[in-house]
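A.B. asks: You'll find upload_14.csv just under this line, and it carries CSV, C-alpha atoms.
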chain,number,residue,atom,x,y,z
K,1,MET,CA,-12.2,82.9,109.9
K,2,LYS,CA,-10.3,81.2,107.0
K,3,ARG,CA,-8.9,78.5,109.3
K,4,GLN,CA,-12.4,77.9,110.7
K,5,LYS,CA,-13.7,77.6,107.1
K,6,LYS,CA,-10.9,75.1,106.2
K,7,ARG,CA,-11.8,73.0,109.3
K,8,LEU,CA,-15.4,73.0,108.3
K,9,ILE,CA,-14.5,71.9,104.7
K,10,SER,CA,-12.3,69.1,106.2
K,11,ILE,CA,-15.1,67.9,108.4
K,12,VAL,CA,-17.5,67.9,105.4
K,13,LEU,CA,-15.0,66.0,103.3
K,14,VAL,CA,-14.5,63.4,106.0
K,15,LEU,CA,-18.3,63.0,106.2
K,16,VAL,CA,-18.5,62.6,102.4
K,17,LEU,CA,-15.7,60.0,102.5
K,18,SER,CA,-17.4,58.1,105.3
K,19,LEU,CA,-20.6,58.2,103.4
K,20,GLY,CA,-18.8,57.0,100.3
K,21,MET,CA,-17.4,54.1,102.3
K,22,VAL,CA,-20.8,53.2,103.6
K,23,MET,CA,-22.2,53.3,100.1
K,24,ASN,CA,-19.4,51.1,98.9
K,25,VAL,CA,-20.2,48.6,101.6
K,26,GLN,CA,-23.9,48.8,100.8
K,27,ALA,CA,-23.3,48.7,97.0
K,28,VAL,CA,-25.7,46.2,95.4
K,29,THR,CA,-23.8,45.6,92.2
K,30,VAL,CA,-20.2,46.0,90.9
K,31,ASP,CA,-21.5,48.4,88.2
K,32,GLU,CA,-22.8,50.8,90.8
K,33,ALA,CA,-19.3,50.9,92.5
K,34,LYS,CA,-17.7,51.4,89.1
K,35,ASP,CA,-20.1,54.3,88.3
K,36,LYS,CA,-19.1,56.0,91.6
K,37,ALA,CA,-15.4,55.5,90.8
K,38,ASP,CA,-15.9,57.0,87.3
K,39,LYS,CA,-17.7,60.1,88.9
K,40,LEU,CA,-14.8,60.6,91.3
K,41,GLU,CA,-12.2,60.3,88.6
K,42,LYS,CA,-14.1,62.9,86.5
K,43,GLN,CA,-14.3,65.2,89.5
K,44,LYS,CA,-10.6,64.8,90.0
K,45,SER,CA,-9.9,65.4,86.2
K,46,THR,CA,-12.0,68.6,86.3
K,47,ALA,CA,-10.2,69.9,89.4
K,48,GLU,CA,-6.8,69.1,87.8
K,49,ASN,CA,-7.7,71.0,84.6
K,50,GLU,CA,-8.8,74.0,86.7
K,51,LYS,CA,-5.5,73.9,88.6
K,52,LYS,CA,-3.7,73.8,85.3
K,53,SER,CA,-5.5,76.9,84.1
K,54,LEU,CA,-4.7,78.6,87.4
K,55,ASP,CA,-1.0,77.6,87.0
K,56,GLU,CA,-1.0,79.2,83.5
K,57,GLU,CA,-2.6,82.4,84.8
K,58,LEU,CA,-0.1,82.5,87.7
K,59,ASN,CA,2.8,82.1,85.3
K,60,ALA,CA,1.5,85.0,83.2
K,61,VAL,CA,1.2,87.2,86.3
K,62,ILE,CA,4.8,86.3,87.3
K,63,LYS,CA,6.0,87.3,83.8
K,64,ASP,CA,4.1,90.6,84.2
K,65,MET,CA,5.7,91.2,87.6
K,66,GLU,CA,9.2,90.5,86.2
K,67,ALA,CA,8.5,93.0,83.4
K,68,ALA,CA,7.3,95.6,85.9
K,69,GLN,CA,10.4,95.1,88.0
K,70,GLU,CA,12.6,95.6,85.0
K,71,LYS,CA,10.8,98.8,84.1
K,72,LEU,CA,11.1,99.9,87.8
K,73,ALA,CA,14.9,99.3,87.7
K,74,LYS,CA,15.2,101.2,84.3
K,75,LYS,CA,13.1,104.1,85.6
K,76,GLN,CA,15.2,104.3,88.7
K,77,LYS,CA,18.3,104.7,86.5
K,78,GLU,CA,16.5,107.4,84.5
K,79,ILE,CA,15.7,109.2,87.7
K,80,GLN,CA,19.3,109.0,88.9
K,81,LYS,CA,20.4,110.4,85.5
K,82,ALA,CA,17.9,113.2,85.8
K,83,GLU,CA,19.2,114.0,89.3
K,84,GLU,CA,22.7,114.2,87.9
K,85,ASP,CA,21.6,116.4,85.0
K,86,LEU,CA,19.8,118.7,87.5
K,87,VAL,CA,22.9,119.1,89.6
K,88,GLN,CA,24.9,120.0,86.5
K,89,ALA,CA,22.2,122.5,85.4
K,90,LYS,CA,22.4,124.1,88.9
K,91,VAL,CA,26.2,124.2,88.6
K,92,ASP,CA,25.9,126.0,85.2
K,93,GLU,CA,23.3,128.4,86.6
K,94,ASN,CA,25.4,129.1,89.7
K,95,THR,CA,28.6,129.7,87.6
K,96,GLN,CA,26.8,132.2,85.4
K,97,TYR,CA,25.3,133.9,88.4
K,98,GLN,CA,28.7,134.2,90.1
K,99,SER,CA,30.3,135.6,86.8
K,100,MET,CA,27.5,138.2,86.5
K,101,LYS,CA,28.0,139.2,90.2
K,102,LYS,CA,31.7,139.7,89.7
K,103,ARG,CA,31.1,142.1,86.7
K,104,ILE,CA,28.4,143.9,88.7
K,105,LYS,CA,30.7,144.2,91.7
K,106,PHE,CA,33.5,145.5,89.5
K,107,MET,CA,31.3,148.2,88.0
K,108,TYR,CA,30.0,149.1,91.5
K,109,GLU,CA,33.4,149.4,93.1
K,110,ASN,CA,34.9,151.3,90.2
K,111,GLY,CA,31.8,153.3,89.4
K,112,ASN,CA,31.3,154.3,85.7
K,113,THR,CA,34.8,155.9,85.5
K,114,GLN,CA,36.3,152.9,83.7
K,115,ILE,CA,33.5,152.7,81.1
K,116,ILE,CA,33.6,156.5,80.6
K,117,ALA,CA,37.3,156.5,80.2
K,118,VAL,CA,37.0,153.8,77.5
K,119,LEU,CA,34.3,155.8,75.7
K,120,VAL,CA,36.2,159.1,75.9
K,121,GLU,CA,39.3,157.5,74.3
K,122,SER,CA,37.2,156.9,71.2
K,123,GLU,CA,38.7,158.6,68.2
K,124,ASN,CA,35.4,159.3,66.5
K,125,ILE,CA,31.7,159.1,67.1
K,126,GLY,CA,31.4,155.7,65.3
K,127,GLU,CA,34.0,154.1,67.6
K,128,PHE,CA,32.2,155.8,70.6
K,129,LEU,CA,28.9,154.2,69.6
K,130,ASN,CA,30.4,150.8,69.0
K,131,LYS,CA,32.0,150.7,72.5
K,132,ALA,CA,28.8,151.8,74.2
K,133,GLU,CA,26.9,149.2,72.3
K,134,TYR,CA,29.4,146.5,73.3
K,135,ALA,CA,29.1,147.4,77.0
K,136,GLN,CA,25.3,147.2,76.8
K,137,ALA,CA,25.4,143.9,74.8
K,138,LEU,CA,27.7,142.4,77.5
K,139,SER,CA,25.2,143.3,80.2
K,140,GLU,CA,22.3,141.9,78.2
K,141,TYR,CA,24.3,138.7,77.5
K,142,ASP,CA,24.8,138.1,81.2
K,143,ARG,CA,21.1,138.4,81.9
K,144,GLU,CA,20.0,136.3,78.9
K,145,GLN,CA,22.5,133.5,79.9
K,146,LEU,CA,21.3,133.5,83.5
K,147,VAL,CA,17.7,133.3,82.3
K,148,ALA,CA,18.6,130.5,79.8
K,149,PHE,CA,20.3,128.4,82.6
K,150,GLN,CA,17.3,128.9,84.9
K,151,GLU,CA,15.0,127.7,82.2
K,152,VAL,CA,17.2,124.5,81.8
K,153,VAL,CA,16.9,123.9,85.6
K,154,LYS,CA,13.1,124.2,85.4
K,155,LYS,CA,13.0,121.8,82.4
K,156,VAL,CA,15.2,119.2,84.1
K,157,GLU,CA,13.2,119.5,87.4
K,158,ALA,CA,10.0,118.9,85.4
K,159,GLU,CA,11.5,115.9,83.7
K,160,GLU,CA,12.6,114.5,87.1
K,161,ALA,CA,9.1,115.0,88.5
K,162,ALA,CA,7.6,113.3,85.5
K,163,LEU,CA,9.9,110.3,85.9
K,164,LYS,CA,9.1,110.0,89.6
K,165,LYS,CA,5.4,110.1,88.8
K,166,GLU,CA,5.9,107.2,86.3
K,167,TYR,CA,7.9,105.3,88.9
K,168,THR,CA,5.1,105.7,91.4
K,169,GLU,CA,2.6,104.4,88.8
K,170,LEU,CA,4.8,101.4,88.1
K,171,GLU,CA,4.9,100.7,91.9
K,172,ILE,CA,1.1,100.8,92.0
K,173,LEU,CA,1.0,98.3,89.1
K,174,GLN,CA,3.5,96.0,90.8
K,175,ASN,CA,1.5,96.1,94.0
K,176,ASP,CA,-1.7,95.2,92.0
K,177,LEU,CA,0.1,92.3,90.4
K,178,ILE,CA,1.3,91.1,93.9
K,179,ALA,CA,-2.3,91.2,95.1
K,180,LYS,CA,-3.4,89.3,92.0
K,181,GLN,CA,-0.6,86.7,92.5
K,182,GLU,CA,-1.6,86.1,96.1
K,183,ASN,CA,-5.3,85.7,95.1
K,184,ILE,CA,-4.4,83.1,92.5
K,185,GLN,CA,-2.1,81.3,94.9
K,186,THR,CA,-4.9,81.2,97.4
K,187,MET,CA,-7.2,79.6,94.7
K,188,LEU,CA,-4.4,77.2,93.8
K,189,SER,CA,-4.1,76.2,97.5
K,190,GLU,CA,-7.8,75.6,97.7
K,191,LYS,CA,-7.7,73.6,94.4
K,192,ASN,CA,-4.8,71.5,95.8
K,193,ILE,CA,-6.8,70.8,98.9
K,194,GLN,CA,-9.8,69.7,96.7
K,195,ILE,CA,-7.7,67.4,94.6
K,196,SER,CA,-5.9,66.0,97.6
K,197,ASN,CA,-9.2,65.2,99.3
K,198,LEU,CA,-10.5,63.6,96.1
K,199,GLU,CA,-7.4,61.4,96.0
K,200,LYS,CA,-7.9,60.6,99.7
K,201,GLU,CA,-11.5,59.6,99.0
K,202,ILE,CA,-10.4,57.1,96.3
K,203,GLY,CA,-7.6,55.7,98.5
K,204,ASP,CA,-4.7,58.1,98.7
K,205,ASN,CA,-2.6,58.7,101.7
K,206,ALA,CA,-4.1,61.3,104.1
K,207,ALA,CA,-0.6,62.4,105.1
K,208,VAL,CA,-0.1,63.8,101.6
K,209,LEU,CA,-3.0,66.1,102.1
K,210,GLN,CA,-1.8,67.4,105.5
K,211,GLU,CA,1.7,68.1,104.0
K,212,LEU,CA,0.2,70.1,101.1
K,213,ILE,CA,-1.9,72.2,103.5
K,214,LYS,CA,1.2,72.7,105.7
K,215,GLN,CA,3.3,73.8,102.8
K,216,ALA,CA,0.6,76.1,101.4
K,217,GLU,CA,0.2,77.8,104.8
K,218,ALA,CA,3.9,78.2,105.2
K,219,GLU,CA,4.2,79.8,101.8
K,220,ARG,CA,1.4,82.2,102.5
K,221,LEU,CA,3.0,83.2,105.8
K,222,LYS,CA,6.3,83.6,104.1
K,223,GLN,CA,4.8,85.9,101.5
K,224,GLN,CA,3.1,87.9,104.2
K,225,GLN,CA,6.3,88.4,106.1
K,226,GLN,CA,8.2,89.4,102.9
K,227,ALA,CA,5.5,91.9,102.0
K,228,ALA,CA,5.5,93.3,105.6
K,229,ALA,CA,9.3,93.6,105.5
K,230,GLN,CA,9.2,95.3,102.1
K,231,ALA,CA,6.6,97.8,103.4
K,232,ALA,CA,8.6,98.5,106.5
K,233,ALA,CA,11.7,99.1,104.4
K,234,GLN,CA,9.8,101.5,102.2
K,235,GLU,CA,8.4,103.4,105.2
K,236,ALA,CA,11.9,103.6,106.7
K,237,ALA,CA,13.3,105.0,103.4
K,238,GLN,CA,10.6,107.5,103.2
K,239,ALA,CA,11.1,108.5,106.8
K,240,ALA,CA,14.8,108.9,106.3
K,241,GLY,CA,14.2,111.0,103.2
K,242,SER,CA,11.7,113.4,104.9
K,243,GLY,CA,13.8,114.2,107.9
K,244,GLY,CA,17.5,114.2,106.8
K,245,TYR,CA,18.7,117.3,108.5
K,246,THR,CA,20.3,117.3,111.9
K,247,PRO,CA,22.5,120.0,113.6
K,248,PRO,CA,26.3,119.6,113.3
K,249,SER,CA,28.3,118.1,116.2
K,250,SER,CA,31.8,118.9,115.1
K,251,ASN,CA,34.0,121.9,114.6
K,252,HIS,CA,35.9,122.5,111.3
K,253,VAL,CA,38.4,119.7,110.5
K,254,VAL,CA,41.1,120.2,107.8
K,255,SER,CA,43.6,117.4,107.2
K,256,GLY,CA,46.1,116.4,104.5
K,257,ASN,CA,48.3,118.5,102.2
K,258,GLY,CA,46.2,118.2,99.0
K,259,GLN,CA,43.9,120.7,97.3
K,260,PHE,CA,41.0,119.2,99.2
K,261,THR,CA,40.8,118.2,102.8
K,262,HIS,CA,39.9,114.6,103.7
K,263,PRO,CA,36.0,114.4,103.9
K,264,CYS,CA,36.1,111.6,106.5
K,265,PRO,CA,39.5,111.4,108.4
K,266,GLY,CA,40.3,108.0,109.8
K,267,ALA,CA,37.9,106.1,107.4
K,268,VAL,CA,39.1,103.0,105.6
K,269,VAL,CA,39.0,103.0,101.8
K,270,SER,CA,36.6,100.2,100.9
K,271,SER,CA,36.3,100.8,97.1
K,272,THR,CA,38.5,103.0,94.9
K,273,PHE,CA,37.7,105.1,91.8
K,274,GLY,CA,37.5,103.3,88.5
K,275,TYR,CA,36.5,99.9,87.0
K,276,ARG,CA,35.3,97.2,89.5
K,277,THR,CA,35.6,93.6,88.4
K,278,PHE,CA,33.2,92.1,91.0
K,279,ASP,CA,30.1,93.9,89.5
K,280,ASN,CA,31.5,94.9,86.1
K,281,SER,CA,30.8,98.6,86.7
K,282,PHE,CA,32.7,101.9,86.7
K,283,HIS,CA,32.9,103.4,90.2
K,284,ASN,CA,32.7,107.2,90.0
K,285,GLY,CA,33.9,107.9,93.5
K,286,LEU,CA,35.8,106.8,96.6
K,287,ASP,CA,34.1,104.7,99.2
K,288,LEU,CA,35.2,105.5,102.8
K,289,ALA,CA,34.0,102.9,105.4
K,290,ALA,CA,33.4,104.3,108.9
K,291,PRO,CA,30.9,103.6,111.7
K,292,GLU,CA,27.5,105.2,111.4
K,293,GLY,CA,27.4,108.7,112.9
K,294,THR,CA,31.0,109.5,112.0
K,295,PRO,CA,31.1,113.2,110.9
K,296,THR,CA,31.9,114.1,107.3
K,297,TYR,CA,33.4,117.4,106.1
K,298,ALA,CA,33.4,119.7,103.1
K,299,ALA,CA,36.5,119.1,101.0
K,300,ASP,CA,36.7,122.8,100.1
K,301,SER,CA,34.7,126.0,100.5
K,302,GLY,CA,31.7,126.4,98.3
K,303,THR,CA,27.9,126.6,97.9
K,304,VAL,CA,25.6,123.7,98.8
K,305,LEU,CA,23.5,122.9,95.8
K,306,TYR,CA,21.8,119.8,97.2
K,307,ALA,CA,21.0,118.6,100.7
K,308,ARG,CA,18.1,116.1,100.3
K,309,TRP,CA,17.0,112.5,99.9
K,310,SER,CA,17.7,110.3,96.9
K,311,ASP,CA,16.6,106.7,96.4
K,312,SER,CA,20.1,105.8,95.1
K,313,ALA,CA,22.4,108.2,97.0
K,314,GLY,CA,20.3,108.3,100.2
K,315,ASN,CA,20.8,111.5,102.2
K,316,TRP,CA,23.3,113.3,100.0
K,317,VAL,CA,25.1,116.7,99.8
K,318,VAL,CA,26.4,118.4,96.6
K,319,ILE,CA,28.8,121.3,96.9
K,320,ASP,CA,29.9,123.7,94.0
K,321,HIS,CA,33.4,125.0,94.7
K,322,GLY,CA,33.7,127.1,91.5
K,323,ASN,CA,36.4,126.7,88.8
K,324,GLY,CA,34.5,123.7,87.5
K,325,PHE,CA,34.9,121.6,90.7
K,326,VAL,CA,31.9,119.9,92.3
K,327,THR,CA,32.0,117.4,95.2
K,328,LYS,CA,29.3,114.9,96.2
K,329,TYR,CA,28.8,113.1,99.6
K,330,MET,CA,26.4,110.2,99.6
K,331,HIS,CA,24.6,107.7,102.0
K,332,HIS,CA,24.5,109.9,105.1
K,333,THR,CA,22.4,109.0,108.1
K,334,SER,CA,21.6,112.7,108.0
K,335,TYR,CA,23.2,116.0,106.8
K,336,THR,CA,24.0,119.1,108.7
K,337,VAL,CA,23.8,121.8,105.9
K,338,THR,CA,21.0,123.3,103.9
K,339,GLU,CA,20.6,124.0,100.2
K,340,GLY,CA,22.0,127.5,99.3
K,341,GLN,CA,24.3,127.6,102.3
K,342,TYR,CA,27.9,128.7,101.9
K,343,VAL,CA,30.3,126.3,103.7
K,344,GLU,CA,33.9,126.7,104.6
K,345,LYS,CA,36.7,124.1,103.9
K,346,GLY,CA,36.5,121.4,106.6
K,347,GLN,CA,33.0,122.4,107.8
K,348,GLN,CA,30.8,119.4,108.8
K,349,VAL,CA,28.2,118.4,106.2
K,350,GLY,CA,26.8,115.2,107.6
K,351,TYR,CA,27.1,111.9,109.4
K,352,VAL,CA,28.2,108.6,107.8
K,353,GLY,CA,25.3,106.3,107.2
K,354,ASN,CA,23.9,103.4,105.2
K,355,THR,CA,21.0,105.0,103.3
K,356,GLY,CA,20.0,104.7,99.6
K,357,ASN,CA,21.6,102.0,97.5
K,358,SER,CA,24.2,101.1,100.0
K,359,PHE,CA,25.6,97.8,101.5
K,360,GLY,CA,27.2,98.9,104.8
K,361,ALA,CA,28.0,102.2,106.5
K,362,HIS,CA,30.3,104.3,104.4
K,363,LEU,CA,30.7,107.7,102.7
K,364,HIS,CA,30.7,107.7,98.9
K,365,PHE,CA,32.9,110.8,98.1
K,366,GLN,CA,32.8,111.9,94.4
K,367,VAL,CA,34.8,114.7,92.7
K,368,GLU,CA,33.8,116.1,89.4
K,369,LEU,CA,35.7,118.6,87.1
K,370,ASN,CA,33.5,120.3,84.5
K,371,GLY,CA,30.9,117.6,84.9
K,372,THR,CA,33.2,114.6,84.6
K,373,PRO,CA,34.1,112.3,87.6
K,374,VAL,CA,37.8,112.3,88.4
K,375,ASP,CA,39.8,110.3,91.0
K,376,PRO,CA,39.3,111.9,94.4
K,377,GLN,CA,42.6,110.6,95.7
K,378,ALA,CA,44.5,112.8,93.3
K,379,TYR,CA,43.2,115.9,95.2
K,380,LEU,CA,43.5,114.7,98.8
Could you render the structure from this file as structure tokens?
C.D. replies:
Amino acid sequence: MKRQKKRLISIVLVLVLSLGMVMNVQAVTVDEAKDKADKLEKQKSTAENEKKSLDEELNAVIKDMEAAQEKLAKKQKEIQKAEEDLVQAKVDENTQYQSMKKRIKFMYENGNTQIIAVLVESENIGEFLNKAEYAQALSEYDREQLVAFQEVVKKVEAEEAALKKEYTELEILQNDLIAKQENIQTMLSEKNIQISNLEKEIGDNAAVLQELIKQAEAERLKQQQQAAAQAAAQEAAQAAGSGGYTPPSSNHVVSGNGQFTHPCPGAVVSSTFGYRTFDNSFHNGLDLAAPEGTPTYAADSGTVLYARWSDSAGNWVVIDHGNGFVTKYMHHTSYTVTEGQYVEKGQQVGYVGNTGNSFGAHLHFQVELNGTPVDPQAYL
């Protein structure tokens, strides 16, 4: 429909030009020809002023888009920080829960004989009451600490949800700006055609007009292709995040003589732990390059805290091994474990992939001790 409309406009302009040429031929006086030229120049000047206003409006929209993109990048970092805080909160909650289970197990296996013996050994009623009160206070402390850690988890989850909501709102704003930009660019294209045809009418080269139309059409198609590619990438990321689990395909594999087994035997180290000069950043883990679909394994036994999608980590798995050790496995094509599952050392946890913020198929393997990243190679 738009192309038909443009053809119709071109035909009308050609007719106007032809009519103008006839009028010039039939002009009775020089003054009449000059008057016509003045009118055409005024029309051209008006069109150029309108184009200038559209250019200024487009520049303002582009600045707004750049600001929105900066906010999106900042918000994504905040979401990543919230994800890390949530993992640490779950580690603290799980540690307290395991400690409380150990004390409950001790009391169950030994009955109340140990507590009674301690109380009987009291030399007087005051010491007896103090020890009884201490045992009760210890039990209450366990429960209160567990409740406190659970509240922290809820709070961090709420903060993460709020950040993701803000991120979605910023995406909507960005999409609105993109639509507004496309509308202004369409108007600019139409204004360029108008100016070009006016210039053609007063003697400009017709080839200039055709080139401008060709460039405008090519730019519009390019933007459509970029928008389609971006939408396809977003749909692919969402599809990967919503169906990340697949059954395991490998038996347990334990290799090496270190504290941890190698999470991806045979992989090539593509980036080590520490400061990286090429992007001026600190790398918190060890990148192990391997073909997509290569199995990955749990470095040690522990409880799976995370097995889900993340915009930065892709399909990732987080395991709490106790004693302050936590390992993270990122960028999987899919994972083979579920949250809350207990895994053995060398048990398969996923398949090497290229999801999230990744530039090539690899496993990002990260080791943390008491919440601080450490060099994984020291434990393999």
A.B. asks: So which residues touch region 53-55 of chain K within 7 Å, counting only C-alpha atoms, skipping near sequence neighbours fewer than 3 positions away, as an MDAnalysis selection string?
C.D. replies: chainID K and resid 49:50 58:59 184 188
A.B. asks: Within 10 Å of Leu72 (chain K), counting only C-alpha atoms, which residues show up once you throw out same-chain ones fewer than 5 positions away? Write them as a ChimeraX atom specification, please.
C.D. replies: /K:66-67,77-78,166-171,174
A.B. asks: Would you be able to write out as number ranges by chain which residues have an atom within 10 Å of (17.1, 119.8, 88.6) in the file's coordinates, counting all atoms listed in the file?
C.D. replies: K: 82-90, 150, 152-161, 306
A.B. asks: Find the spatial neighbours of Gly285 (chain K), counting all atoms listed in the file, within a cut-off of 8 Å - ignore same-chain residues fewer than 2 positions away - and output them as a PyMOL selection string.
C.D. replies: chain K and resi 272-274+283+287+364-367+373-376
A.B. asks: Check the smallest atom-to-atom distance from each of K:Thr296, K:Thr355, K:Thr46, K:Gln341 to Trp309 (chain K) using only C-alpha atoms, then report the winner.
C.D. replies: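 Closest to Trp309 (chain K) of all the choices is K:Thr355.
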A.B. asks: Which residues of region 287-356 of chain K have any atom within 8 Å of an atom in region 245-255 of chain K when counting only C-alpha atoms, and what is the closest pair of atoms for each, with the distance in Å to one decimal? Order the rows by chain and rising number and write it as a tab-separated table.
C.D. replies:
residue	atom	partner	partner_atom	distance
K:Pro295	CA	K:Ser250	CA	7.1
K:Tyr297	CA	K:Val253	CA	7.0
K:Ser334	CA	K:Tyr245	CA	5.5
K:Tyr335	CA	K:Tyr245	CA	5.0
K:Thr336	CA	K:Pro248	CA	5.2
K:Val337	CA	K:Tyr245	CA	7.3
K:Thr338	CA	K:Tyr245	CA	7.9
K:Lys345	CA	K:Val254	CA	7.1
K:Gly346	CA	K:Val253	CA	4.7
K:Gln347	CA	K:His252	CA	4.5
K:Gln348	CA	K:Pro248	CA	6.4
K:Val349	CA	K:Pro248	CA	7.4
K:Gly350	CA	K:Pro248	CA	7.2
A.B. asks: K:Ser189, K:Gln80, K:Gln377, K:Asn280: which is nearest Pro263 (chain K), counting all atoms listed in the file?
C.D. replies: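 Nearest candidate to Pro263 (chain K) out of K:Ser189, K:Gln80, K:Gln377, K:Asn280: K:Gln377.
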A.B. asks: For Pro291 (chain K), find every residue with an atom within 10 Å (counting all atoms listed in the file), except residues of its own chain fewer than 2 positions away, and show them as a ChimeraX atom specification.
C.D. replies: /K:267,289,293-295,351-354,360-363
A.B. asks: One number please: CA of Gln43 (chain K) to CA of Glu190 (chain K), in Å, one decimal.
C.D. replies: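 It comes out at 14.8 Å.
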A.B. asks: May I have the residues within 8 Å of Ala313 (chain K) as an MDAnalysis selection string, using all atoms listed in the file and disregarding those fewer than 5 positions away in the same chain?
C.D. replies: chainID K and resid 330:331 355:358
A.B. asks: Tell me, in Å to one decimal, how far CA of Lys51 (chain K) is from CA of Asn175 (chain K).
C.D. replies: 23.9 Å
A.B. asks: Here is a test: counting only C-alpha atoms, which residue of K:Arg308, K:His321, K:Lys39, K:His332 is nearest to Asn370 (chain K)?
C.D. replies: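 Checking each of K:Arg308, K:His321, K:Lys39, K:His332 against Asn370 (chain K), counting only C-alpha atoms, the winner is K:His321.
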A.B. asks: Calculated over only C-alpha atoms, which of the candidates K:Ile172, K:Val304, K:Ile178, K:Val91 has the smallest distance to Gly371 (chain K)?
C.D. replies: K:Val91
A.B. asks: To one decimal place in Å, what is the distance between CA of Gly266 (chain K) and CA of Asn323 (chain K)?
C.D. replies: 28.4 Å
A.B. asks: Pick the closest to Pro265 (chain K) from K:Gly244, K:Leu380, K:Val326, K:Lys191: which is it, counting only C-alpha atoms?
C.D. replies: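 Between K:Gly244, K:Leu380, K:Val326, K:Lys191, the residue approaching Pro265 (chain K) most closely is K:Leu380.
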